[in-house]
$ cat my_file-v8.cif   # mmCIF, C-alpha atoms
data_structure
#
loop_
_atom_site.group_PDB
_atom_site.id
_atom_site.type_symbol
_atom_site.label_atom_id
_atom_site.label_comp_id
_atom_site.auth_asym_id
_atom_site.auth_seq_id
_atom_site.Cartn_x
_atom_site.Cartn_y
_atom_site.Cartn_z
ATOM 1 C CA PRO A 9 110.406 71.337 -33.366
ATOM 2 C CA CYS A 10 107.164 69.448 -33.849
ATOM 3 C CA VAL A 11 105.563 70.899 -30.681
ATOM 4 C CA ARG A 12 106.089 74.409 -29.323
ATOM 5 C CA LEU A 13 106.103 74.764 -25.556
ATOM 6 C CA LYS A 14 105.320 77.975 -23.702
ATOM 7 C CA VAL A 15 106.618 79.223 -20.372
ATOM 8 C CA SER A 16 103.195 78.578 -18.841
ATOM 9 C CA ASP A 17 103.518 74.897 -19.831
ATOM 10 C CA PHE A 18 106.806 74.572 -17.976
ATOM 11 C CA LEU A 19 105.390 76.419 -14.959
ATOM 12 C CA PHE A 20 102.273 74.249 -14.836
ATOM 13 C CA ILE A 21 104.239 71.012 -15.092
ATOM 14 C CA SER A 22 106.750 72.271 -12.505
ATOM 15 C CA PHE A 23 104.062 73.243 -9.993
ATOM 16 C CA VAL A 24 102.152 69.981 -10.332
ATOM 17 C CA GLY A 25 105.446 68.112 -10.088
ATOM 18 C CA MET A 26 106.162 70.017 -6.856
ATOM 19 C CA PHE A 27 102.813 68.848 -5.459
ATOM 20 C CA ALA A 28 103.778 65.237 -6.186
ATOM 21 C CA VAL A 29 107.219 65.701 -4.622
ATOM 22 C CA ASP A 30 105.612 67.317 -1.552
ATOM 23 C CA VAL A 31 103.406 64.253 -1.027
ATOM 24 C CA ILE A 32 106.370 61.906 -1.539
ATOM 25 C CA LEU A 33 108.526 63.839 0.943
ATOM 26 C CA HIS A 34 105.737 63.681 3.538
ATOM 27 C CA TRP A 35 104.644 60.133 2.665
ATOM 28 C CA ASN A 36 104.501 58.870 6.270
ATOM 29 C CA THR A 37 102.236 61.709 7.412
ATOM 30 C CA TYR A 38 99.393 59.926 5.622
ATOM 31 C CA ASN A 39 99.683 56.886 7.925
ATOM 32 C CA ALA A 40 96.406 57.777 9.674
ATOM 33 C CA CYS A 41 94.554 57.074 6.424
ATOM 34 C CA ASN A 42 93.077 53.623 6.028
ATOM 35 C CA GLN A 43 93.373 53.959 2.226
ATOM 36 C CA PRO A 44 96.469 54.908 0.170
ATOM 37 C CA ILE A 45 95.539 58.589 -0.209
ATOM 38 C CA ASN A 46 99.206 59.498 -0.718
ATOM 39 C CA LEU A 47 99.484 57.107 -3.679
ATOM 40 C CA TRP A 48 96.230 58.437 -5.103
ATOM 41 C CA LEU A 49 97.484 62.025 -4.931
ATOM 42 C CA VAL A 50 100.852 61.287 -6.546
ATOM 43 C CA VAL A 51 99.297 59.311 -9.404
ATOM 44 C CA ALA A 52 96.594 61.984 -9.861
ATOM 45 C CA TYR A 53 99.296 64.659 -10.149
ATOM 46 C CA LEU A 54 101.229 62.567 -12.680
ATOM 47 C CA LEU A 55 98.039 62.026 -14.690
ATOM 48 C CA LEU A 56 97.461 65.779 -14.644
ATOM 49 C CA ILE A 57 100.934 66.322 -16.114
ATOM 50 C CA LEU A 58 100.189 63.734 -18.799
ATOM 51 C CA PHE A 59 96.890 65.533 -19.527
ATOM 52 C CA ARG A 60 98.757 68.766 -20.122
ATOM 53 C CA ILE A 61 101.333 67.105 -22.356
ATOM 54 C CA ALA A 62 98.650 65.338 -24.402
ATOM 55 C CA ILE A 63 96.664 68.540 -24.851
ATOM 56 C CA ILE A 64 99.783 70.457 -25.875
ATOM 57 C CA CYS A 65 100.557 67.711 -28.367
ATOM 58 C CA MET A 66 97.012 67.730 -29.794
ATOM 59 C CA VAL A 67 96.775 71.509 -30.107
ATOM 60 C CA ARG A 68 100.273 72.613 -31.037
ATOM 61 C CA SER A 69 101.748 69.730 -33.000
ATOM 62 C CA THR A 70 102.827 70.550 -36.529
ATOM 63 C CA PHE A 71 102.358 66.922 -37.631
ATOM 64 C CA ASP A 72 98.849 65.575 -38.219
ATOM 65 C CA THR A 73 99.909 62.008 -37.438
ATOM 66 C CA LEU A 74 101.280 63.054 -34.056
ATOM 67 C CA ARG A 75 98.042 64.925 -33.314
ATOM 68 C CA LEU A 76 96.027 61.778 -34.046
ATOM 69 C CA ILE A 77 98.296 59.623 -31.883
ATOM 70 C CA CYS A 78 97.978 62.112 -28.999
ATOM 71 C CA LEU A 79 94.203 62.286 -29.458
ATOM 72 C CA ALA A 80 93.917 58.486 -29.391
ATOM 73 C CA PHE A 81 96.142 58.288 -26.299
ATOM 74 C CA PHE A 82 94.050 60.983 -24.627
ATOM 75 C CA LEU A 83 90.620 59.529 -25.439
ATOM 76 C CA LEU A 84 91.338 55.815 -25.202
ATOM 77 C CA GLY A 85 93.902 55.747 -22.410
ATOM 78 C CA LEU A 86 94.379 58.840 -20.345
ATOM 79 C CA LEU A 87 90.772 59.979 -20.015
ATOM 80 C CA PRO A 88 89.253 56.660 -18.858
ATOM 81 C CA VAL A 89 92.172 55.872 -16.536
ATOM 82 C CA SER A 90 92.001 59.347 -14.964
ATOM 83 C CA LEU A 91 88.258 59.137 -14.552
ATOM 84 C CA ILE A 92 88.386 55.761 -12.818
ATOM 85 C CA TRP A 93 91.413 56.716 -10.697
ATOM 86 C CA ASN A 94 89.850 59.962 -9.479
ATOM 87 C CA ILE A 95 86.485 58.358 -8.693
ATOM 88 C CA LEU A 96 88.317 55.675 -6.693
ATOM 89 C CA GLY A 97 90.469 58.261 -4.912
ATOM 90 C CA THR A 98 87.466 60.428 -4.091
ATOM 91 C CA ILE A 99 85.707 57.436 -2.539
ATOM 92 C CA TRP A 100 88.846 56.689 -0.517
ATOM 93 C CA TRP A 101 89.059 60.311 0.617
ATOM 94 C CA ILE A 102 85.364 60.424 1.639
ATOM 95 C CA LYS A 103 85.738 57.196 3.641
ATOM 96 C CA SER A 104 88.957 58.337 5.327
ATOM 97 C CA PRO A 105 88.855 59.467 8.938
ATOM 98 C CA THR A 106 88.908 63.178 9.692
ATOM 99 C CA GLY A 107 92.468 64.427 10.024
ATOM 100 C CA CYS A 108 93.797 61.661 7.821
ATOM 101 C CA ILE A 109 95.166 64.136 5.298
ATOM 102 C CA PRO A 110 97.787 66.213 7.084
ATOM 103 C CA PRO A 111 97.654 69.993 6.966
ATOM 104 C CA SER A 112 100.298 71.184 4.565
ATOM 105 C CA ARG A 113 101.355 73.923 2.261
ATOM 106 C CA LEU A 114 99.002 72.521 -0.356
ATOM 107 C CA PRO A 115 96.398 75.326 -0.183
ATOM 108 C CA TYR A 116 99.136 77.879 -0.835
ATOM 109 C CA MET A 117 100.549 75.777 -3.632
ATOM 110 C CA MET A 118 97.084 75.430 -5.185
ATOM 111 C CA LEU A 119 96.604 79.195 -5.108
ATOM 112 C CA SER A 120 99.904 79.547 -6.950
ATOM 113 C CA LEU A 121 98.776 77.018 -9.546
ATOM 114 C CA ILE A 122 95.485 78.837 -10.148
ATOM 115 C CA HIS A 123 97.417 81.958 -11.087
ATOM 116 C CA ILE A 124 99.331 80.180 -13.862
#

$ encode --input "my_file-v8.cif" --output "structure tokens"
Amino acid sequence: PCVRLKVSDFLFISFVGMFAVDVILHWNTYNACNQPINLWLVVAYLLLILFRIAIICMVRSTFDTLRLICLAFFLLGLLPVSLIWNILGTIWWIKSPTGCIPPSRLPYMMLSLIHI
């Protein structure tokens, strides 16, 4: 294989994917928000998965050409898009009314992610 994956890679991607699925399953609980916080969270989680994949590709690829392609994708696409998306989402979150984001299992899920 051109890229070797570790168990921690699968766990990380699985946990972040679970966060996205959790938001999608509870999509309507974000109705109190005047901005699409639920969309912001799902896209931010997907971007985080792409970050991990790009970094794995850059660090562990056995092909130099693939490393360069992943580096270009990371620097020219993923990084600027993530930066802009997260600044926009943070502004939306700050401007949202208190209680807009529903209490969930997210803190427990985040603690699990930190341990990976």

$ closest_residue --input "my_file-v8.cif" --among "A:Gln43, A:Asp30, A:Leu13, A:Phe20" --to "Ser104 in chain A" --atoms "only C-alpha atoms"
A:Gln43

$ atom_distance --input "my_file-v8.cif" --atom1 "CA of Trp101 in chain A" --atom2 "CA of Ile45 in chain A"
6.8 Å

$ residues_around --input "my_file-v8.cif" --residues "Leu76 in chain A" --least-positions-apart "5" --cutoff "10 Å" --atoms "only C-alpha atoms" --output "list in words"
Cys65, Met66, Ser69, Phe71, Phe81 and Phe82 of chain A

$ atom_distance --input "my_file-v8.cif" --atom1 "CA of Pro110 in chain A" --atom2 "CA of Leu55 in chain A"
22.2 Å

$ closest_residue --input "my_file-v8.cif" --among "A:Pro44, A:Met26, A:Ile21, A:Pro88" --to "Leu56 in chain A" --atoms "all atoms listed in the file"
A:Ile21

$ closest_residue --input "my_file-v8.cif" --among "A:Leu47, A:Ile102, A:Ala62, A:Cys108" --to "Ala80 in chain A" --atoms "all atoms listed in the file"
A:Ala62

$ atom_distance --input "my_file-v8.cif" --atom1 "CA of Val51 in chain A" --atom2 "CA of Thr73 in chain A"
28.2 Å

$ decode --input "my_file-v8.cif" --residues "range 25-54 of chain A" --atoms "N, CA, C and O atoms" --output "mmCIF file, in the first residue's frame"
data_model
loop_
_atom_site.group_PDB
_atom_site.id
_atom_site.type_symbol
_atom_site.label_atom_id
_atom_site.label_comp_id
_atom_site.auth_asym_id
_atom_site.auth_seq_id
_atom_site.Cartn_x
_atom_site.Cartn_y
_atom_site.Cartn_z
ATOM 1 N N GLY A 25 -16.502 11.283 12.825
ATOM 2 C CA GLY A 25 -17.682 10.924 12.038
ATOM 3 C C GLY A 25 -18.918 10.766 12.915
ATOM 4 O O GLY A 25 -20.017 11.164 12.536
ATOM 5 N N MET A 26 -18.733 10.201 14.115
ATOM 6 C CA MET A 26 -19.856 10.073 15.060
ATOM 7 C C MET A 26 -20.370 11.440 15.491
ATOM 8 O O MET A 26 -21.578 11.627 15.675
ATOM 9 N N PHE A 27 -19.472 12.412 15.659
ATOM 10 C CA PHE A 27 -19.915 13.763 16.019
ATOM 11 C C PHE A 27 -20.813 14.323 14.918
ATOM 12 O O PHE A 27 -21.864 14.912 15.194
ATOM 13 N N ALA A 28 -20.389 14.140 13.665
ATOM 14 C CA ALA A 28 -21.175 14.641 12.535
ATOM 15 C C ALA A 28 -22.534 13.949 12.479
ATOM 16 O O ALA A 28 -23.566 14.603 12.296
ATOM 17 N N VAL A 29 -22.543 12.643 12.662
ATOM 18 C CA VAL A 29 -23.808 11.892 12.647
ATOM 19 C C VAL A 29 -24.706 12.342 13.794
ATOM 20 O O VAL A 29 -25.923 12.479 13.623
ATOM 21 N N ASP A 30 -24.127 12.613 14.966
ATOM 22 C CA ASP A 30 -24.913 13.082 16.108
ATOM 23 C C ASP A 30 -25.617 14.403 15.785
ATOM 24 O O ASP A 30 -26.792 14.575 16.096
ATOM 25 N N VAL A 31 -24.907 15.317 15.146
ATOM 26 C CA VAL A 31 -25.528 16.595 14.762
ATOM 27 C C VAL A 31 -26.624 16.355 13.731
ATOM 28 O O VAL A 31 -27.713 16.932 13.826
ATOM 29 N N ILE A 32 -26.373 15.495 12.760
ATOM 30 C CA ILE A 32 -27.373 15.216 11.721
ATOM 31 C C ILE A 32 -28.622 14.576 12.323
ATOM 32 O O ILE A 32 -29.746 14.949 11.976
ATOM 33 N N LEU A 33 -28.433 13.644 13.253
ATOM 34 C CA LEU A 33 -29.588 12.988 13.884
ATOM 35 C C LEU A 33 -30.410 13.949 14.739
ATOM 36 O O LEU A 33 -31.605 13.742 14.936
ATOM 37 N N HIS A 34 -29.778 14.979 15.261
ATOM 38 C CA HIS A 34 -30.468 15.961 16.102
ATOM 39 C C HIS A 34 -30.560 17.317 15.394
ATOM 40 O O HIS A 34 -30.508 18.369 16.033
ATOM 41 N N TRP A 35 -30.686 17.289 14.085
ATOM 42 C CA TRP A 35 -30.654 18.486 13.250
ATOM 43 C C TRP A 35 -31.678 19.531 13.699
ATOM 44 O O TRP A 35 -31.385 20.715 13.788
ATOM 45 N N ASN A 36 -32.898 19.104 13.989
ATOM 46 C CA ASN A 36 -33.973 20.048 14.326
ATOM 47 C C ASN A 36 -33.808 20.680 15.704
ATOM 48 O O ASN A 36 -34.481 21.663 16.002
ATOM 49 N N THR A 37 -32.937 20.133 16.543
ATOM 50 C CA THR A 37 -32.758 20.735 17.868
ATOM 51 C C THR A 37 -31.975 22.039 17.791
ATOM 52 O O THR A 37 -31.887 22.762 18.776
ATOM 53 N N TYR A 38 -31.448 22.359 16.615
ATOM 54 C CA TYR A 38 -30.729 23.611 16.426
ATOM 55 C C TYR A 38 -31.635 24.699 15.856
ATOM 56 O O TYR A 38 -31.155 25.743 15.416
ATOM 57 N N ASN A 39 -32.948 24.474 15.857
ATOM 58 C CA ASN A 39 -33.891 25.431 15.277
ATOM 59 C C ASN A 39 -33.895 26.778 15.988
ATOM 60 O O ASN A 39 -34.269 27.783 15.398
ATOM 61 N N ALA A 40 -33.479 26.822 17.259
ATOM 62 C CA ALA A 40 -33.463 28.087 17.989
ATOM 63 C C ALA A 40 -32.339 29.004 17.509
ATOM 64 O O ALA A 40 -32.328 30.196 17.820
ATOM 65 N N CYS A 41 -31.409 28.470 16.755
ATOM 66 C CA CYS A 41 -30.292 29.265 16.245
ATOM 67 C C CYS A 41 -30.751 30.095 15.053
ATOM 68 O O CYS A 41 -31.479 29.615 14.201
ATOM 69 N N ASN A 42 -30.296 31.337 15.004
ATOM 70 C CA ASN A 42 -30.649 32.165 13.856
ATOM 71 C C ASN A 42 -29.619 32.035 12.731
ATOM 72 O O ASN A 42 -29.745 32.674 11.704
ATOM 73 N N GLN A 43 -28.603 31.223 12.931
ATOM 74 C CA GLN A 43 -27.603 30.906 11.911
ATOM 75 C C GLN A 43 -27.526 29.376 11.800
ATOM 76 O O GLN A 43 -27.856 28.667 12.741
ATOM 77 N N PRO A 44 -27.045 28.859 10.678
ATOM 78 C CA PRO A 44 -26.986 27.392 10.498
ATOM 79 C C PRO A 44 -25.811 26.753 11.244
ATOM 80 O O PRO A 44 -24.869 26.241 10.648
ATOM 81 N N ILE A 45 -25.896 26.769 12.573
ATOM 82 C CA ILE A 45 -24.828 26.204 13.412
ATOM 83 C C ILE A 45 -24.674 24.709 13.136
ATOM 84 O O ILE A 45 -23.554 24.188 13.113
ATOM 85 N N ASN A 46 -25.793 24.016 12.907
ATOM 86 C CA ASN A 46 -25.726 22.580 12.643
ATOM 87 C C ASN A 46 -24.944 22.294 11.360
ATOM 88 O O ASN A 46 -24.109 21.391 11.327
ATOM 89 N N LEU A 47 -25.157 23.077 10.320
ATOM 90 C CA LEU A 47 -24.407 22.913 9.077
ATOM 91 C C LEU A 47 -22.924 23.210 9.303
ATOM 92 O O LEU A 47 -22.057 22.490 8.815
ATOM 93 N N TRP A 48 -22.656 24.268 10.056
ATOM 94 C CA TRP A 48 -21.274 24.623 10.358
ATOM 95 C C TRP A 48 -20.555 23.476 11.066
ATOM 96 O O TRP A 48 -19.424 23.132 10.714
ATOM 97 N N LEU A 49 -21.209 22.885 12.059
ATOM 98 C CA LEU A 49 -20.583 21.789 12.800
ATOM 99 C C LEU A 49 -20.302 20.578 11.912
ATOM 100 O O LEU A 49 -19.208 20.017 11.947
ATOM 101 N N VAL A 50 -21.283 20.188 11.104
ATOM 102 C CA VAL A 50 -21.100 19.008 10.251
ATOM 103 C C VAL A 50 -19.961 19.232 9.258
ATOM 104 O O VAL A 50 -19.086 18.379 9.091
ATOM 105 N N VAL A 51 -19.943 20.389 8.618
ATOM 106 C CA VAL A 51 -18.873 20.675 7.653
ATOM 107 C C VAL A 51 -17.525 20.769 8.369
ATOM 108 O O VAL A 51 -16.510 20.270 7.859
ATOM 109 N N ALA A 52 -17.496 21.371 9.560
ATOM 110 C CA ALA A 52 -16.241 21.457 10.322
ATOM 111 C C ALA A 52 -15.721 20.069 10.675
ATOM 112 O O ALA A 52 -14.511 19.808 10.585
ATOM 113 N N TYR A 53 -16.607 19.155 11.038
ATOM 114 C CA TYR A 53 -16.192 17.783 11.341
ATOM 115 C C TYR A 53 -15.653 17.095 10.084
ATOM 116 O O TYR A 53 -14.648 16.386 10.135
ATOM 117 N N LEU A 54 -16.326 17.290 8.956
ATOM 118 C CA LEU A 54 -15.852 16.683 7.709
ATOM 119 C C LEU A 54 -14.492 17.258 7.300
ATOM 120 O O LEU A 54 -13.617 16.524 6.824
#
